[in-house]
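A short write-up of the structure that comes next.
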Amino acid sequence: MSKISIRFYKDHKVRAVWDEANNQWWFSVLDIVGAINQQDDHEKNRNYWKYLKAKLRKEENELVSATTQLKLTAADGKKYKTDVISQIDVEKLAKVIPNNQATAFLDWFTYSDNTIDGRSKKKAYTFIESNLVADKDVGTVKALQQIHAYIFGGLYDFAGKIRTKTIAKGNTLFCLAEHLHSFLKTVESMPENTYDEIVDKYVEMNAAHPFMEGNGRSTRIWLDLIFKKRLGLCVDWSQIDKREYLDAMIASQMDSTKIRELLKPALTNKIDDREIFMKGIDYSYYYEQED
C-alpha cells in the first residue's frame, strides 16, 4: 500500500490508497461523507457514517460488506485504520446519501481524471521514477522545460516550450515575452547554495512564468529538485495552506519574506519518500484549482 492520493472536492480532502495486489484504489468513506455533506468535523462525519452504515446493514445493502479497513494518514500525521471502499462503491455510496451535493460530487469524482489536470496529474505522479532530469541540469531552464514537457506532453502542443506571448494572471503581469529569454538566463545564473538563495531563485522563476500554462505545477517540482540536490531536503506541501501560499506568492513579487517563512517549517529530509512526493503533487494541483 505504498501509493497514496489526495483529491480535493470544494476544499475537502478525499484520501485514497493504492492496492497493488488487486490493482485498484481504495477511498476513505469518512472523506467522501464529509465532501458530500460539506462537513469538516471528523466526529460528525464518523457519527453520520455510523448511522448510515447501520441503516444500510438493516436494509441488507451490499455496500457495507464491500467496505474494508486500511491505514490512512490523519491530520495529526499518524496513520489510523479507517473504512475504505473501491471506486465503483464510491458511486454507490454517493447515491444513498440524501444530499443535493451528492450528484455534483459524483460528477466530479467520475469525470475529473479525464480533464487535462487529471491526466497530467497521473503523469506527474510518475515523474519521481523517471530520472528525467540529470543532476547537472537541476536548477536550469532546461530542467524546468523537461519537467513541463513530461507532465503536459500530449496534452498541450506547447509542452516544454518557452512562451512567445505576454501573459498575466489577475493583476499580476509576468515577464514580457520580448524580454523573457534574457530574463531566464539571469534567473538560471542565480546562486542556489543556501535556503534563501534557492527561494529567491524560485520567486524569480515564478515571475518569469516561462510557459503559457502549467507554470506553478512544474516550478514547484523544479524547486524541490534544487532543495534535494543542494540541501538534502524537499517541501512537504501538505503542510502549506493553499490561501497562505497563494498570498505569499503574490507578495513575493515585491518581497519574498512571506514565502520564505511559509516554506521553511515545511521542509523535510524525507527526499525519497514516495508518500511525501505524491502528496506534494496532490497539493500542487490543488493550489491551481479555482475557488
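How things are named: the first chain in the C-alpha cells is A, the next is B, and so on; residues count from 1 in each chain; ligands count from 1 in the order shown.
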Just the residues within 12 Å of Ser182 of chain A, please, counting only C-alpha atoms, with nothing from its chain fewer than 6 positions along; format it as a PDB file with C-alpha atoms, in the first residue's frame.
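Saved result, selection02.pdb, follows:
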ATOM      1  CA  VAL A 141      15.806  26.328 -17.534  1.00  0.00           C
ATOM      2  CA  ILE A 162       9.093  28.815 -23.760  1.00  0.00           C
ATOM      3  CA  CYS A 175       7.795  38.907 -17.755  1.00  0.00           C
ATOM      4  CA  LEU A 176       7.159  40.463 -21.165  1.00  0.00           C
ATOM      5  CA  GLU A 188      19.346  30.460 -14.320  1.00  0.00           C
ATOM      6  CA  SER A 189      22.623  32.089 -13.256  1.00  0.00           C
ATOM      7  CA  ALA A 208       9.195  34.743 -15.413  1.00  0.00           C
ATOM      8  CA  PRO A 210       8.001  30.762 -18.949  1.00  0.00           C
TER       9      PRO A 210
END
Spatial neighbours of Ile128 of chain A, 9 Å, only C-alpha atoms, chain gap at least 4 places, as a ChimeraX atom specification: /A:124,132,272,274,277
May I have the residues within 10 Å of Leu173 of chain A as a list of chain:residue names, using only C-alpha atoms and disregarding those fewer than 4 positions away in the same chain? A:Thr166, A:Ile167, A:Ala168, A:Lys169, A:Ala207, A:Ala208, A:His209
Can you pull out every residue within 8 Å of Ile36 of chain A, counting only C-alpha atoms, but drop anything in the same chain fewer than 5 positions away, and send it as a PyMOL selection string? chain A and resi 94+99+101-102+105
Serialized selection, N, CA, C and O atoms, as an mmCIF file, in the first residue's frame:
data_model
loop_
_atom_site.group_PDB
_atom_site.id
_atom_site.type_symbol
_atom_site.label_atom_id
_atom_site.label_comp_id
_atom_site.auth_asym_id
_atom_site.auth_seq_id
_atom_site.Cartn_x
_atom_site.Cartn_y
_atom_site.Cartn_z
ATOM 1 N N ALA A 94 -22.392 7.463 -2.855
ATOM 2 C CA ALA A 94 -22.906 8.800 -3.154
ATOM 3 C C ALA A 94 -24.401 8.767 -3.443
ATOM 4 O O ALA A 94 -25.139 9.693 -3.085
ATOM 5 N N ASN A 99 -28.459 14.021 -0.198
ATOM 6 C CA ASN A 99 -27.906 15.368 -0.151
ATOM 7 C C ASN A 99 -27.807 15.867 -1.582
ATOM 8 O O ASN A 99 -27.355 15.141 -2.470
ATOM 9 N N GLN A 101 -25.744 17.664 -2.852
ATOM 10 C CA GLN A 101 -24.354 17.746 -3.293
ATOM 11 C C GLN A 101 -23.866 16.419 -3.870
ATOM 12 O O GLN A 101 -22.831 16.359 -4.530
ATOM 13 N N ALA A 102 -24.603 15.338 -3.577
ATOM 14 C CA ALA A 102 -24.148 14.005 -3.962
ATOM 15 C C ALA A 102 -23.962 13.878 -5.474
ATOM 16 O O ALA A 102 -22.981 13.289 -5.944
ATOM 17 N N PHE A 105 -20.906 15.843 -6.554
ATOM 18 C CA PHE A 105 -19.710 15.111 -6.130
ATOM 19 C C PHE A 105 -19.441 13.947 -7.069
ATOM 20 O O PHE A 105 -18.302 13.714 -7.481
#
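What separates atom CA of Ala66 of chain A from atom CA of Tyr125 of chain A is a distance of 27.8 Å.
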Within 12 Å of segment 278-283 of chain A: each segment 107-181 of chain A residue with its shortest pair, only C-alpha atoms, as JSON lines:
{"residue": "A:Asp117", "atom": "CA", "partner": "A:Asp282", "partner_atom": "CA", "distance": 10.8}
{"residue": "A:Gly118", "atom": "CA", "partner": "A:Asp282", "partner_atom": "CA", "distance": 10.4}
{"residue": "A:Ser120", "atom": "CA", "partner": "A:Ile281", "partner_atom": "CA", "distance": 10.4}
{"residue": "A:Lys121", "atom": "CA", "partner": "A:Ile281", "partner_atom": "CA", "distance": 7.3}
{"residue": "A:Lys122", "atom": "CA", "partner": "A:Ile281", "partner_atom": "CA", "distance": 9.4}
{"residue": "A:Lys123", "atom": "CA", "partner": "A:Ile281", "partner_atom": "CA", "distance": 10.2}
{"residue": "A:Ala124", "atom": "CA", "partner": "A:Ile281", "partner_atom": "CA", "distance": 6.9}
{"residue": "A:Tyr125", "atom": "CA", "partner": "A:Met278", "partner_atom": "CA", "distance": 6.1}
{"residue": "A:Thr126", "atom": "CA", "partner": "A:Met278", "partner_atom": "CA", "distance": 9.1}
{"residue": "A:Phe127", "atom": "CA", "partner": "A:Ile281", "partner_atom": "CA", "distance": 10.0}
{"residue": "A:Ile128", "atom": "CA", "partner": "A:Met278", "partner_atom": "CA", "distance": 9.2}
{"residue": "A:Glu129", "atom": "CA", "partner": "A:Met278", "partner_atom": "CA", "distance": 11.6}
{"residue": "A:Ile151", "atom": "CA", "partner": "A:Ile281", "partner_atom": "CA", "distance": 11.1}
Give me the residues within 8 Å of Val187 of chain A as an MDAnalysis selection string, counting only C-alpha atoms and dropping any in the same chain fewer than 5 places off. chainID A and resid 201 204:205
So which residues touch Val17 of chain A within 7 Å, counting only C-alpha atoms, skipping near sequence neighbours fewer than 4 positions away, as a ChimeraX atom specification? /A:1,3-5,25-27
Residues within 7 Å of segment 255-266 of chain A, please, as an NGL selection string. Count only C-alpha atoms; anything in the same chain fewer than 4 positions from it doesn't count. :A and (199-200 or 235-237 or 239 or 248-249 or 251)
Within segment 12-181 of chain A, find each residue whose DSSP state, derived from the backbone, is strand (DSSP E), and express the selection as a PyMOL selection string. chain A and resi 12-19+24-28+68-73+79-86+168-169+172-173
I need the residues of segment 17-108 of chain A that end up classed as helix (DSSP H, G or I) by DSSP on the backbone, written out as an MDAnalysis selection string. chainID A and resid 29:37 42:58 87:96 101:108
